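Engineer: This is the content of coords_17.txt (compact mmCIF, C-alpha atoms):
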# COMPACT_ATOMS: atom_id res chain seq x y z
CA MET A 1 20.52 -12.50 8.10
CA GLN A 2 19.28 -10.94 4.89
CA LEU A 3 17.85 -12.61 1.77
CA ASP A 4 17.71 -10.82 -1.57
CA ILE A 5 15.41 -12.02 -4.33
CA GLY A 6 15.35 -10.91 -7.94
CA LYS A 7 12.66 -10.07 -10.48
CA PRO A 8 11.99 -10.85 -14.14
CA ILE A 9 11.65 -8.26 -16.89
CA LEU A 10 8.30 -7.23 -18.25
CA ASP A 11 8.80 -7.17 -21.99
CA LYS A 12 5.27 -7.81 -23.18
CA ASN A 13 3.84 -5.11 -20.96
CA ASP A 14 6.37 -2.61 -22.29
CA ARG A 15 5.56 -3.39 -25.93
CA LEU A 16 1.87 -2.79 -25.31
CA ALA A 17 2.74 0.38 -23.41
CA GLU A 18 4.49 1.72 -26.51
CA GLU A 19 1.34 1.06 -28.52
CA ASN A 20 -0.71 2.96 -25.95
CA ARG A 21 1.75 5.82 -26.17
CA GLU A 22 1.55 5.98 -29.96
CA LEU A 23 -2.25 6.02 -29.85
CA LEU A 24 -2.28 8.78 -27.25
CA ASP A 25 0.32 10.82 -29.15
CA ALA A 26 -1.76 10.54 -32.31
CA HIS A 27 -4.65 12.17 -30.46
CA GLY A 28 -2.54 14.74 -28.60
CA ILE A 29 -3.36 13.26 -25.21
CA PHE A 30 -1.05 13.69 -22.22
CA MET A 31 -1.23 10.74 -19.79
CA LEU A 32 -0.24 11.02 -16.13
CA ASN A 33 0.19 7.81 -14.11
CA ILE A 34 -0.59 8.47 -10.43
CA LEU A 35 0.91 6.08 -7.88
CA ALA A 36 0.40 5.95 -4.11
CA SER A 37 -0.57 3.86 -1.10
CA PRO A 38 -4.18 3.16 -0.22
CA GLY A 39 -5.65 6.18 1.53
CA SER A 40 -3.04 8.75 0.53
CA GLY A 41 -5.63 10.85 -1.28
CA LYS A 42 -5.27 9.93 -4.97
CA THR A 43 -8.91 10.55 -5.87
CA SER A 44 -9.09 13.83 -3.92
CA THR A 45 -5.90 15.00 -5.64
CA ILE A 46 -7.33 14.08 -9.04
CA LEU A 47 -10.52 16.02 -8.29
CA ALA A 48 -8.57 19.09 -7.10
CA THR A 49 -6.30 18.90 -10.16
CA ILE A 50 -9.21 18.76 -12.59
CA GLU A 51 -10.99 21.61 -10.80
CA ALA A 52 -7.89 23.82 -11.14
CA LEU A 53 -7.26 23.10 -14.82
CA ARG A 54 -10.64 22.28 -16.36
CA SER A 55 -11.13 25.74 -17.84
CA LYS A 56 -8.00 25.11 -19.95
CA TYR A 57 -8.01 21.35 -20.62
CA SER A 58 -10.56 18.58 -21.04
CA PHE A 59 -9.91 15.61 -18.78
CA ALA A 60 -10.64 11.91 -18.63
CA VAL A 61 -9.79 9.47 -15.84
CA ILE A 62 -8.99 5.77 -15.62
CA GLU A 63 -9.61 4.40 -12.13
CA GLY A 64 -7.73 1.26 -11.16
CA ASP A 65 -9.20 -0.62 -8.25
CA LEU A 66 -9.30 -4.14 -6.88
CA ALA A 67 -13.02 -4.46 -6.66
CA SER A 68 -15.09 -1.38 -5.91
CA LYS A 69 -16.51 1.57 -7.86
CA VAL A 70 -16.19 4.06 -4.97
CA ASP A 71 -13.63 6.24 -6.75
CA SER A 72 -15.03 6.24 -10.26
CA GLU A 73 -18.41 7.33 -8.92
CA LYS A 74 -16.78 10.39 -7.36
CA ILE A 75 -15.10 11.27 -10.69
CA LYS A 76 -18.28 10.78 -12.69
CA ALA A 77 -20.16 12.94 -10.17
CA ALA A 78 -17.76 15.75 -11.16
CA GLY A 79 -18.86 15.33 -14.79
CA ILE A 80 -15.61 13.77 -16.02
CA PRO A 81 -15.49 10.74 -18.37
CA CYS A 82 -14.14 7.83 -16.35
CA VAL A 83 -13.44 4.15 -16.94
CA GLN A 84 -13.22 1.87 -13.93
CA ILE A 85 -10.80 -1.06 -14.19
CA ASN A 86 -11.38 -3.73 -11.58
CA THR A 87 -8.24 -5.82 -11.48
CA GLY A 88 -9.88 -8.66 -9.54
CA GLY A 89 -7.04 -8.79 -7.03
CA ILE A 90 -4.09 -7.86 -9.25
CA CYS A 91 -2.00 -5.23 -7.47
CA HIS A 92 -1.25 -2.89 -10.38
CA LEU A 93 -2.54 -1.75 -13.75
CA GLU A 94 -0.99 -3.27 -16.88
CA SER A 95 -0.74 -1.91 -20.41
CA ASN A 96 -3.35 -4.25 -21.83
CA MET A 97 -5.90 -3.01 -19.27
CA ILE A 98 -5.19 0.58 -20.35
CA ALA A 99 -5.46 -0.40 -24.03
CA ASN A 100 -8.93 -1.86 -23.37
CA ALA A 101 -10.04 1.14 -21.34
CA LEU A 102 -8.93 3.57 -24.09
CA LYS A 103 -11.47 1.97 -26.43
CA ALA A 104 -14.28 3.35 -24.24
CA PHE A 105 -13.26 7.02 -24.63
CA ASP A 106 -13.77 9.58 -27.39
CA LEU A 107 -10.03 10.19 -27.69
CA ASP A 108 -10.33 13.33 -29.81
CA SER A 109 -12.07 15.15 -26.97
CA ILE A 110 -9.39 14.51 -24.33
CA ASP A 111 -6.35 16.68 -23.51
CA ILE A 112 -5.20 15.08 -20.25
CA LEU A 113 -5.79 11.50 -19.14
CA LEU A 114 -5.23 10.90 -15.43
CA VAL A 115 -4.65 7.28 -14.46
CA GLU A 116 -5.25 6.41 -10.80
CA ASN A 117 -3.27 3.22 -10.35
CA VAL A 118 -4.11 0.58 -7.72
CA GLY A 119 -3.14 1.76 -4.22
CA ASN A 120 0.28 0.24 -3.90
CA LEU A 121 3.85 1.54 -3.44
CA VAL A 122 5.38 -1.64 -4.82
CA CYS A 123 3.94 -3.46 -7.80
CA THR A 124 2.74 -0.44 -9.72
CA THR A 125 6.36 0.67 -10.14
CA ASP A 126 7.42 -1.86 -12.73
CA PHE A 127 4.52 -1.49 -15.11
CA TYR A 128 5.04 1.29 -17.63
CA LEU A 129 1.62 1.99 -19.14
CA GLY A 130 2.65 4.39 -21.89
CA GLU A 131 2.36 7.46 -19.65
CA ASN A 132 4.11 10.77 -20.35
CA ALA A 133 4.83 11.30 -16.67
CA ARG A 134 4.48 9.71 -13.26
CA ALA A 135 3.48 11.37 -10.03
CA VAL A 136 3.85 9.65 -6.67
CA ILE A 137 1.61 10.87 -3.85
CA LEU A 138 2.70 10.33 -0.26
CA SER A 139 0.56 11.53 2.62
CA VAL A 140 1.94 12.92 5.86
CA PRO A 141 0.44 10.18 8.12
CA GLU A 142 2.37 7.50 6.22
CA GLY A 143 5.64 8.87 7.59
CA HIS A 144 8.76 10.59 6.28
CA ASP A 145 10.72 7.34 5.98
CA LYS A 146 8.78 6.01 2.99
CA PRO A 147 11.28 7.09 0.27
CA VAL A 148 13.96 5.07 2.10
CA LYS A 149 11.68 2.03 2.47
CA TYR A 150 10.10 2.13 -1.02
CA PRO A 151 12.94 3.67 -3.04
CA ILE A 152 12.10 2.36 -6.50
CA ILE A 153 8.74 4.09 -6.83
CA PHE A 154 10.25 7.40 -5.72
CA GLN A 155 13.26 6.95 -8.00
CA GLU A 156 11.04 6.82 -11.05
CA ALA A 157 8.71 9.70 -10.17
CA ASP A 158 8.67 12.86 -12.28
CA ALA A 159 7.05 14.67 -9.36
CA VAL A 160 6.30 13.87 -5.73
CA VAL A 161 3.14 15.21 -4.10
CA LEU A 162 3.12 15.36 -0.29
CA ASN A 163 -0.58 15.32 0.61
CA LYS A 164 -2.40 16.06 3.91
CA VAL A 165 0.07 18.77 4.98
CA ASP A 166 -2.82 20.35 6.89
CA VAL A 167 -2.37 17.70 9.62
CA ILE A 168 1.44 17.75 9.74
CA ASP A 169 1.47 19.12 13.31
CA TYR A 170 -0.29 16.02 14.63
CA PHE A 171 2.30 13.59 13.26
CA ASP A 172 5.92 12.88 13.87
CA PHE A 173 6.70 13.75 10.23
CA ASN A 174 10.19 15.16 9.71
CA GLU A 175 9.92 17.15 6.48
CA ARG A 176 13.65 17.86 6.43
CA GLU A 177 14.48 14.13 6.52
CA PHE A 178 11.83 13.45 3.89
CA ARG A 179 13.37 16.04 1.54
CA ALA A 180 16.91 14.89 2.31
CA SER A 181 16.15 11.25 1.45
CA LEU A 182 14.29 12.22 -1.71
CA SER A 183 17.18 14.42 -2.79
CA GLN A 184 19.41 11.34 -2.52
CA ILE A 185 17.02 9.00 -4.33
CA ASN A 186 15.66 11.37 -6.98
CA PRO A 187 17.17 14.86 -6.91
CA ALA A 188 15.39 15.95 -10.13
CA ALA A 189 11.78 15.42 -8.95
CA PRO A 190 10.02 18.52 -7.65
CA ILE A 191 8.10 18.12 -4.36
CA PHE A 192 4.65 19.66 -4.00
CA PRO A 193 3.24 19.87 -0.47
CA ILE A 194 -0.55 20.03 -0.79
CA SER A 195 -3.82 19.51 1.00
CA ALA A 196 -6.12 18.17 -1.69
CA THR A 197 -9.22 18.66 0.44
CA LYS A 198 -8.28 22.14 1.74
CA GLY A 199 -6.79 23.40 -1.55
CA THR A 200 -3.34 24.22 -0.15
CA GLY A 201 -0.53 24.03 -2.71
CA ILE A 202 -2.77 23.02 -5.63
CA LYS A 203 -1.71 26.05 -7.67
CA ALA A 204 1.99 25.09 -7.61
CA TRP A 205 1.25 21.43 -8.37
CA THR A 206 -1.11 22.14 -11.27
CA GLY A 207 1.24 24.86 -12.57
CA TRP A 208 3.93 22.19 -12.90
CA LEU A 209 1.50 19.79 -14.58
CA ASP A 210 0.38 22.54 -16.98
CA SER A 211 4.01 23.28 -17.87
CA ILE A 212 4.90 19.66 -18.74
CA VAL A 213 1.69 19.23 -20.71
CA ILE A 214 2.61 22.31 -22.77
CA GLU A 215 6.19 21.07 -23.17
CA THR A 216 5.05 17.57 -24.24
CA ARG A 217 2.28 18.55 -26.61
CA GLY A 218 4.50 21.24 -28.20
CA MET B 219 -17.32 0.64 -18.54
CA GLN B 220 -15.81 -1.93 -16.20
CA LEU B 221 -13.17 -4.60 -16.90
CA ASP B 222 -12.74 -7.61 -14.61
CA ILE B 223 -9.54 -9.66 -14.71
CA GLY B 224 -8.91 -13.03 -13.04
CA LYS B 225 -6.03 -14.58 -11.12
CA PRO B 226 -4.21 -17.93 -11.09
CA ILE B 227 -3.97 -20.20 -8.07
CA LEU B 228 -0.83 -20.44 -6.02
CA ASP B 229 -0.33 -24.14 -5.48
CA LYS B 230 3.40 -24.27 -5.01
CA ASN B 231 3.36 -21.52 -2.40
CA ASP B 232 0.64 -23.31 -0.46
CA ARG B 233 2.57 -26.59 -0.42
CA LEU B 234 5.63 -24.87 1.01
CA ALA B 235 3.39 -23.05 3.50
CA GLU B 236 2.22 -26.41 4.84
CA GLU B 237 5.84 -27.46 5.32
CA ASN B 238 6.49 -24.25 7.26
CA ARG B 239 3.46 -24.94 9.39
CA GLU B 240 4.58 -28.48 10.20
CA LEU B 241 8.04 -27.24 11.20
CA LEU B 242 6.57 -24.53 13.42
CA ASP B 243 4.07 -26.94 15.00
CA ALA B 244 6.89 -29.36 15.76
CA HIS B 245 8.60 -26.61 17.76
CA GLY B 246 5.42 -25.26 19.36
CA ILE B 247 5.74 -21.89 17.61
CA PHE B 248 2.70 -19.70 16.95
CA MET B 249 3.11 -17.58 13.77
CA LEU B 250 1.15 -14.38 13.19
CA ASN B 251 1.18 -12.85 9.71
CA ILE B 252 0.75 -9.06 9.93
CA LEU B 253 -0.58 -7.28 6.85
CA ALA B 254 -1.06 -3.55 6.25
CA SER B 255 -0.35 -0.57 4.00
CA PRO B 256 2.95 1.29 4.14
CA GLY B 257 2.93 3.67 7.08
CA SER B 258 0.06 2.13 9.02
CA GLY B 259 2.31 1.34 11.97
CA LYS B 260 3.22 -2.34 11.60
CA THR B 261 6.60 -2.06 13.28
CA SER B 262 5.31 0.12 16.14
CA THR B 263 2.47 -2.36 16.73
CA ILE B 264 4.95 -5.25 16.77
CA LEU B 265 7.13 -3.44 19.31
CA ALA B 266 4.12 -2.62 21.53
CA THR B 267 2.88 -6.22 21.28
CA ILE B 268 6.24 -7.68 22.29
CA GLU B 269 6.56 -5.22 25.16
CA ALA B 270 3.15 -6.26 26.52
CA LEU B 271 3.73 -10.02 26.29
CA ARG B 272 7.48 -10.54 26.62
CA SER B 273 7.31 -11.53 30.28
CA LYS B 274 5.15 -14.51 29.24
CA TYR B 275 6.45 -15.48 25.76
CA SER B 276 9.72 -15.37 23.87
CA PHE B 277 9.40 -13.67 20.49
CA ALA B 278 11.11 -13.60 17.13
CA VAL B 279 10.33 -11.40 14.13
CA ILE B 280 10.62 -11.74 10.36
CA GLU B 281 10.68 -8.36 8.64
CA GLY B 282 9.62 -8.25 5.00
CA ASP B 283 10.75 -5.20 3.10
CA LEU B 284 11.53 -4.16 -0.45
CA ALA B 285 14.98 -2.90 0.18
CA SER B 286 15.78 -1.30 3.52
CA LYS B 287 16.73 -2.46 7.01
CA VAL B 288 14.96 0.39 8.82
CA ASP B 289 12.41 -1.87 10.54
CA SER B 290 14.62 -4.81 11.47
CA GLU B 291 17.07 -2.45 13.14
CA LYS B 292 14.26 -1.19 15.39
CA ILE B 293 13.35 -4.76 16.34
CA LYS B 294 16.94 -5.77 17.03
CA ALA B 295 17.38 -2.63 19.13
CA ALA B 296 14.61 -4.04 21.36
CA GLY B 297 16.70 -7.21 21.86
CA ILE B 298 14.48 -9.48 19.75
CA PRO B 299 15.89 -12.02 17.21
CA CYS B 300 14.96 -10.74 13.76
CA VAL B 301 15.54 -11.82 10.17
CA GLN B 302 15.22 -9.21 7.45
CA ILE B 303 13.91 -10.41 4.08
CA ASN B 304 14.54 -7.99 1.26
CA THR B 305 12.23 -9.00 -1.56
CA GLY B 306 14.06 -6.92 -4.17
CA GLY B 307 10.84 -5.38 -5.42
CA ILE B 308 8.42 -8.28 -4.91
CA CYS B 309 5.28 -6.97 -3.24
CA HIS B 310 4.67 -9.79 -0.75
CA LEU B 311 6.40 -12.50 1.23
CA GLU B 312 6.23 -16.06 -0.09
CA SER B 313 6.51 -19.38 1.73
CA ASN B 314 9.97 -20.16 0.40
CA MET B 315 11.27 -16.85 1.82
CA ILE B 316 9.86 -17.79 5.23
CA ALA B 317 11.37 -21.30 4.96
CA ASN B 318 14.80 -19.76 4.36
CA ALA B 319 14.39 -17.24 7.16
CA LEU B 320 13.41 -20.00 9.64
CA LYS B 321 16.82 -21.59 9.14
CA ALA B 322 18.43 -18.58 10.82
CA PHE B 323 16.53 -18.94 14.12
CA ASP B 324 16.96 -21.20 17.14
CA LEU B 325 13.41 -22.55 16.82
CA ASP B 326 13.35 -24.21 20.23
CA SER B 327 13.66 -20.85 21.95
CA ILE B 328 10.69 -19.17 20.21
CA ASP B 329 7.05 -19.11 21.36
CA ILE B 330 5.60 -16.49 19.02
CA LEU B 331 6.91 -15.55 15.58
CA LEU B 332 5.61 -12.23 14.26
CA VAL B 333 5.89 -11.77 10.49
CA GLU B 334 5.74 -8.20 9.22
CA ASN B 335 4.72 -8.63 5.61
CA VAL B 336 5.59 -6.09 2.86
CA GLY B 337 3.45 -2.95 3.16
CA ASN B 338 0.66 -3.78 0.77
CA LEU B 339 -3.12 -4.29 1.03
CA VAL B 340 -3.24 -6.31 -2.16
CA CYS B 341 -0.62 -8.90 -3.04
CA THR B 342 0.10 -10.10 0.46
CA THR B 343 -3.45 -11.49 0.67
CA ASP B 344 -3.01 -14.46 -1.61
CA PHE B 345 0.17 -15.87 -0.11
CA TYR B 346 -0.45 -18.17 2.83
CA LEU B 347 2.86 -18.54 4.61
CA GLY B 348 1.93 -21.27 7.08
CA GLU B 349 0.73 -18.80 9.73
CA ASN B 350 -1.68 -19.69 12.55
CA ALA B 351 -3.45 -16.36 12.26
CA ARG B 352 -3.53 -13.14 10.26
CA ALA B 353 -3.93 -9.63 11.58
CA VAL B 354 -4.64 -6.69 9.28
CA ILE B 355 -3.69 -3.24 10.55
CA LEU B 356 -5.45 -0.20 9.17
CA SER B 357 -4.58 3.28 10.40
CA VAL B 358 -7.11 6.08 10.84
CA PRO B 359 -5.55 8.44 8.26
CA GLU B 360 -6.02 5.83 5.51
CA GLY B 361 -9.79 6.28 5.72
CA HIS B 362 -12.81 4.27 6.80
CA ASP B 363 -13.60 3.13 3.22
CA LYS B 364 -10.63 0.75 2.96
CA PRO B 365 -12.53 -2.47 3.79
CA VAL B 366 -14.88 -1.70 0.89
CA LYS B 367 -12.01 -0.92 -1.48
CA TYR B 368 -9.68 -3.76 -0.41
CA PRO B 369 -12.21 -6.40 0.66
CA ILE B 370 -10.16 -9.55 0.19
CA ILE B 371 -7.49 -8.75 2.74
CA PHE B 372 -10.14 -7.86 5.35
CA GLN B 373 -12.17 -10.95 4.53
CA GLU B 374 -9.29 -13.22 5.47
CA ALA B 375 -8.23 -11.44 8.65
CA ASP B 376 -8.56 -13.18 12.02
CA ALA B 377 -8.36 -9.77 13.69
CA VAL B 378 -8.37 -6.16 12.51
CA VAL B 379 -6.30 -3.56 14.33
CA LEU B 380 -7.30 0.08 13.86
CA ASN B 381 -4.14 2.03 14.63
CA LYS B 382 -3.53 5.76 15.25
CA VAL B 383 -6.87 6.27 17.02
CA ASP B 384 -5.18 9.08 18.96
CA VAL B 385 -5.54 11.33 15.88
CA ILE B 386 -9.09 10.31 14.93
CA ASP B 387 -10.45 13.81 15.65
CA TYR B 388 -8.26 15.33 12.94
CA PHE B 389 -9.56 13.07 10.17
CA ASP B 390 -12.85 12.51 8.47
CA PHE B 391 -12.88 8.90 9.70
CA ASN B 392 -16.36 7.50 10.22
CA GLU B 393 -15.85 4.66 12.71
CA ARG B 394 -19.48 3.56 12.43
CA GLU B 395 -19.18 3.11 8.66
CA PHE B 396 -15.86 1.32 9.13
CA ARG B 397 -17.41 -1.15 11.57
CA ALA B 398 -20.55 -1.54 9.45
CA SER B 399 -18.57 -2.45 6.32
CA LEU B 400 -16.30 -4.83 8.25
CA SER B 401 -19.34 -6.54 9.77
CA GLN B 402 -20.53 -7.18 6.22
CA ILE B 403 -17.18 -8.39 4.91
CA ASN B 404 -15.95 -10.31 7.94
CA PRO B 405 -18.36 -10.39 10.87
CA ALA B 406 -16.21 -12.84 12.88
CA ALA B 407 -13.06 -10.72 13.11
CA PRO B 408 -12.66 -8.70 16.30
CA ILE B 409 -11.63 -5.04 15.87
CA PHE B 410 -9.01 -3.55 18.16
CA PRO B 411 -8.69 0.25 18.16
CA ILE B 412 -5.18 1.07 19.34
CA SER B 413 -2.48 3.70 19.38
CA ALA B 414 0.74 1.72 19.14
CA THR B 415 2.89 4.70 20.06
CA LYS B 416 0.66 5.95 22.93
CA GLY B 417 -0.23 2.50 24.27
CA THR B 418 -4.01 2.87 23.95
CA GLY B 419 -5.88 -0.41 23.45
CA ILE B 420 -2.76 -2.61 23.56
CA LYS B 421 -4.09 -4.62 26.50
CA ALA B 422 -7.23 -5.72 24.63
CA TRP B 423 -5.27 -6.53 21.47
CA THR B 424 -2.56 -8.53 23.21
CA GLY B 425 -5.19 -10.23 25.39
CA TRP B 426 -6.77 -11.57 22.21
CA LEU B 427 -3.39 -12.66 20.85
CA ASP B 428 -2.56 -14.39 24.15
CA SER B 429 -5.90 -16.24 24.06
CA ILE B 430 -5.42 -17.63 20.54
CA VAL B 431 -1.83 -18.60 21.29
CA ILE B 432 -3.06 -20.57 24.32
CA GLU B 433 -5.87 -22.12 22.28
CA THR B 434 -3.53 -23.10 19.43
CA ARG B 435 -0.64 -24.47 21.46
CA GLY B 436 -3.10 -26.37 23.69
Could you render the structure from this file as structure tokens?
Structural biologist:
Amino acid sequence: MQLDIGKPILDKNDRLAEENRELLDAHGIFMLNILASPGSGKTSTILATIEALRSKYSFAVIEGDLASKVDSEKIKAAGIPCVQINTGGICHLESNMIANALKAFDLDSIDILLVENVGNLVCTTDFYLGENARAVILSVPEGHDKPVKYPIIFQEADAVVLNKVDVIDYFDFNEREFRASLSQINPAAPIFPISATKGTGIKAWTGWLDSIVIETRG
Amino acid sequence: MQLDIGKPILDKNDRLAEENRELLDAHGIFMLNILASPGSGKTSTILATIEALRSKYSFAVIEGDLASKVDSEKIKAAGIPCVQINTGGICHLESNMIANALKAFDLDSIDILLVENVGNLVCTTDFYLGENARAVILSVPEGHDKPVKYPIIFQEADAVVLNKVDVIDYFDFNEREFRASLSQINPAAPIFPISATKGTGIKAWTGWLDSIVIETRG
């Protein structure tokens, strides 16, 4: 037996997202929405991304979390402006949370705003925040079948980062199947295998980010 | 800056959960709600659990998933009755979904019903389904800081399974910190380090499950 259950549309969130987008455009800020499971390495990837591009761009970060400040403390320790949003149990960021967080930044001094969404391959998908692009991070230990099991989030990604490739030999991760399923679900999204902690692949990933920032900001 | 956002109460779900519980009690069925991130090994743990206890109990499984049938096909291949619930994008199972799924089983022939919730450390927490107990699975590659970052789900666990301990040497997983934070958040919950695919620790975990099933069914 199989039961299928629908989902309402999120009009109000989308209207506020457009307002966020207009505000960011007015200040020449590129916003990247970063989506992943808990423990896939979002914060490490953000830190490696900033390290690679900080001589060219000034960064700010919004950290979405249920309750803790673990991640925002790491970002602040790297000298990057960061707002922590504690959702109090809500499984995703919404546009109004971003709108409030933006008030805390000096927008004229930011080129790239990285948004670390709540660790979640499901609910984060439906909430457009006004971002210019979305990156989904999957880590090797989570398994190659995740695009098949969580198709919507991968469908809407502008890029897919495969993190923790340094441990790929210790897992039953079939990279060919992973790429084959992604090419069915989202053939346009480039895939960047990286190790955020070891530095592998960061140049290709940040080269792509640099290129879409240039393209978007004109 | 830090923003904190509240959450409404889920009365209707809880009422239906009580109805599920009464129905299950009437048939002497013990229901375990299994919560975890994507890729932490829920299905492998279910298969290992059934294998260890199937000479004593008859099992059935409800598989919650966004869209695919990958997991339920694995369960059916093991000869176990299984209902697949596709939530169509909803990030958790709800009591009404369980109530519908129960209609598909021969309830008199089931001792233990294992419910694999949608892969999610956030939304699944708030939805009581009528279960007798909850187990949260965390896998080593997700990191030892997850109880601190996702406290609510760990707070409400009756047992915590730490899966993929066979690869612990390849990760920066501090088991002492993991246990210390869990003992703060939920000192009563036993912790079972296992490798579902290698069989490590399954005897201790299923011994615990057996003991609460006996205690509950009287």
Engineer: Quick one: residues within 10 Å of Ser44 of chain A, all atoms listed in the file, excluding same-chain residues fewer than 6 positions away - as a list in words?
Structural biologist: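 Non-adjacent residues within range: Ile50, Asp71, Lys74, Ile75, Asn163, Ser195, Ala196 and Thr197 of chain A.
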Engineer: Which of these residues is nearest to Arg394 of chain B, using only C-alpha atoms: B:Lys230, B:Lys416, B:Arg272, B:His362?
Structural biologist: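 Distance minimum relative to Arg394 of chain B lands on B:His362.
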Engineer: Report, in Å with one decimal, the straight-line distance from atom CA of Leu113 of chain A to atom CA of Lys364 of chain B.
Structural biologist: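 One can read the atom CA of Leu113 of chain A to atom CA of Lys364 of chain B distance as 25.0 Å.
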Engineer: Residues near Asn132 of chain A, anyone? I mean within 12 Å using all atoms listed in the file, not counting same-chain ones fewer than 4 positions away, as a VMD selection string.
Structural biologist: chain A and resid 17 to 18 20 to 22 24 to 25 28 to 34 112 to 115 128 157 to 158 209 212 to 217
Engineer: Taking (-7.3, 1.9, -4.1) in the file's own coordinates, collect the residues within 8 Å, counting only C-alpha atoms, and hand them back as a list in words.
Structural biologist: Ser37, Pro38, Gly39, Gly64, Asp65, Leu66, Asn117, Val118, Gly119 and Asn120 of chain A; Lys364, Lys367 and Tyr368 of chain B
Engineer: Pick the closest to Glu237 of chain B from B:Gly419, B:Pro365, B:Gly348, B:Pro405: which is it, counting only C-alpha atoms?
Structural biologist: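 Residue with the minimum atom-to-atom distance to Glu237 of chain B: B:Gly348.
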Engineer: For chain A against chain B, which residues fall within 9 Å using only C-alpha atoms, given as a ChimeraX atom specification?
Structural biologist: /A:1-7,37-41,65-70,82-91,97,100-101,104,118-123,125-126,139,141-143,145-146,148-152,167,170-171
Engineer: Taking the partial coordinates given, rebuild segment 341-357 of chain B to contain N, CA and C atoms; return it as a PDB file, keeping the file's coordinate frame.
Structural biologist:
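Writing done, so here's selection.pdb:
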ATOM      1  N   CYS B 341      -1.281  -7.646  -2.657  1.00  0.00           N
ATOM      2  CA  CYS B 341      -0.620  -8.900  -3.040  1.00  0.00           C
ATOM      3  C   CYS B 341      -0.376  -9.832  -1.876  1.00  0.00           C
ATOM      4  N   THR B 342      -0.196  -9.266  -0.698  1.00  0.00           N
ATOM      5  CA  THR B 342       0.100 -10.100   0.460  1.00  0.00           C
ATOM      6  C   THR B 342      -1.035 -11.082   0.751  1.00  0.00           C
ATOM      7  N   THR B 343      -2.248 -10.713   0.348  1.00  0.00           N
ATOM      8  CA  THR B 343      -3.450 -11.490   0.670  1.00  0.00           C
ATOM      9  C   THR B 343      -3.388 -12.931   0.227  1.00  0.00           C
ATOM     10  N   ASP B 344      -2.890 -13.146  -0.989  1.00  0.00           N
ATOM     11  CA  ASP B 344      -3.010 -14.460  -1.610  1.00  0.00           C
ATOM     12  C   ASP B 344      -1.942 -15.455  -1.165  1.00  0.00           C
ATOM     13  N   PHE B 345      -0.954 -14.994  -0.434  1.00  0.00           N
ATOM     14  CA  PHE B 345       0.170 -15.870  -0.110  1.00  0.00           C
ATOM     15  C   PHE B 345       0.101 -16.329   1.343  1.00  0.00           C
ATOM     16  N   TYR B 346      -0.460 -17.511   1.522  1.00  0.00           N
ATOM     17  CA  TYR B 346      -0.450 -18.170   2.830  1.00  0.00           C
ATOM     18  C   TYR B 346       0.981 -18.577   3.111  1.00  0.00           C
ATOM     19  N   LEU B 347       1.453 -18.280   4.289  1.00  0.00           N
ATOM     20  CA  LEU B 347       2.860 -18.540   4.610  1.00  0.00           C
ATOM     21  C   LEU B 347       3.035 -19.696   5.585  1.00  0.00           C
ATOM     22  N   GLY B 348       1.891 -20.241   6.038  1.00  0.00           N
ATOM     23  CA  GLY B 348       1.930 -21.270   7.080  1.00  0.00           C
ATOM     24  C   GLY B 348       1.551 -20.693   8.435  1.00  0.00           C
ATOM     25  N   GLU B 349       1.036 -19.471   8.462  1.00  0.00           N
ATOM     26  CA  GLU B 349       0.730 -18.800   9.730  1.00  0.00           C
ATOM     27  C   GLU B 349      -0.458 -19.446  10.443  1.00  0.00           C
ATOM     28  N   ASN B 350      -0.513 -19.245  11.766  1.00  0.00           N
ATOM     29  CA  ASN B 350      -1.680 -19.690  12.550  1.00  0.00           C
ATOM     30  C   ASN B 350      -2.797 -18.669  12.486  1.00  0.00           C
ATOM     31  N   ALA B 351      -2.425 -17.403  12.336  1.00  0.00           N
ATOM     32  CA  ALA B 351      -3.450 -16.360  12.260  1.00  0.00           C
ATOM     33  C   ALA B 351      -2.902 -15.169  11.481  1.00  0.00           C
ATOM     34  N   ARG B 352      -3.850 -14.350  10.989  1.00  0.00           N
ATOM     35  CA  ARG B 352      -3.530 -13.140  10.260  1.00  0.00           C
ATOM     36  C   ARG B 352      -4.144 -11.938  10.954  1.00  0.00           C
ATOM     37  N   ALA B 353      -3.362 -10.887  11.103  1.00  0.00           N
ATOM     38  CA  ALA B 353      -3.930  -9.630  11.580  1.00  0.00           C
ATOM     39  C   ALA B 353      -3.732  -8.579  10.496  1.00  0.00           C
ATOM     40  N   VAL B 354      -4.766  -7.820  10.206  1.00  0.00           N
ATOM     41  CA  VAL B 354      -4.640  -6.690   9.280  1.00  0.00           C
ATOM     42  C   VAL B 354      -4.676  -5.410  10.112  1.00  0.00           C
ATOM     43  N   ILE B 355      -3.695  -4.546   9.879  1.00  0.00           N
ATOM     44  CA  ILE B 355      -3.690  -3.240  10.550  1.00  0.00           C
ATOM     45  C   ILE B 355      -4.127  -2.178   9.555  1.00  0.00           C
ATOM     46  N   LEU B 356      -5.101  -1.387   9.947  1.00  0.00           N
ATOM     47  CA  LEU B 356      -5.450  -0.200   9.170  1.00  0.00           C
ATOM     48  C   LEU B 356      -5.232   0.983  10.093  1.00  0.00           C
ATOM     49  N   SER B 357      -4.732   2.106   9.557  1.00  0.00           N
ATOM     50  CA  SER B 357      -4.580   3.280  10.400  1.00  0.00           C
ATOM     51  C   SER B 357      -5.632   4.316  10.023  1.00  0.00           C
TER      52      SER B 357
END
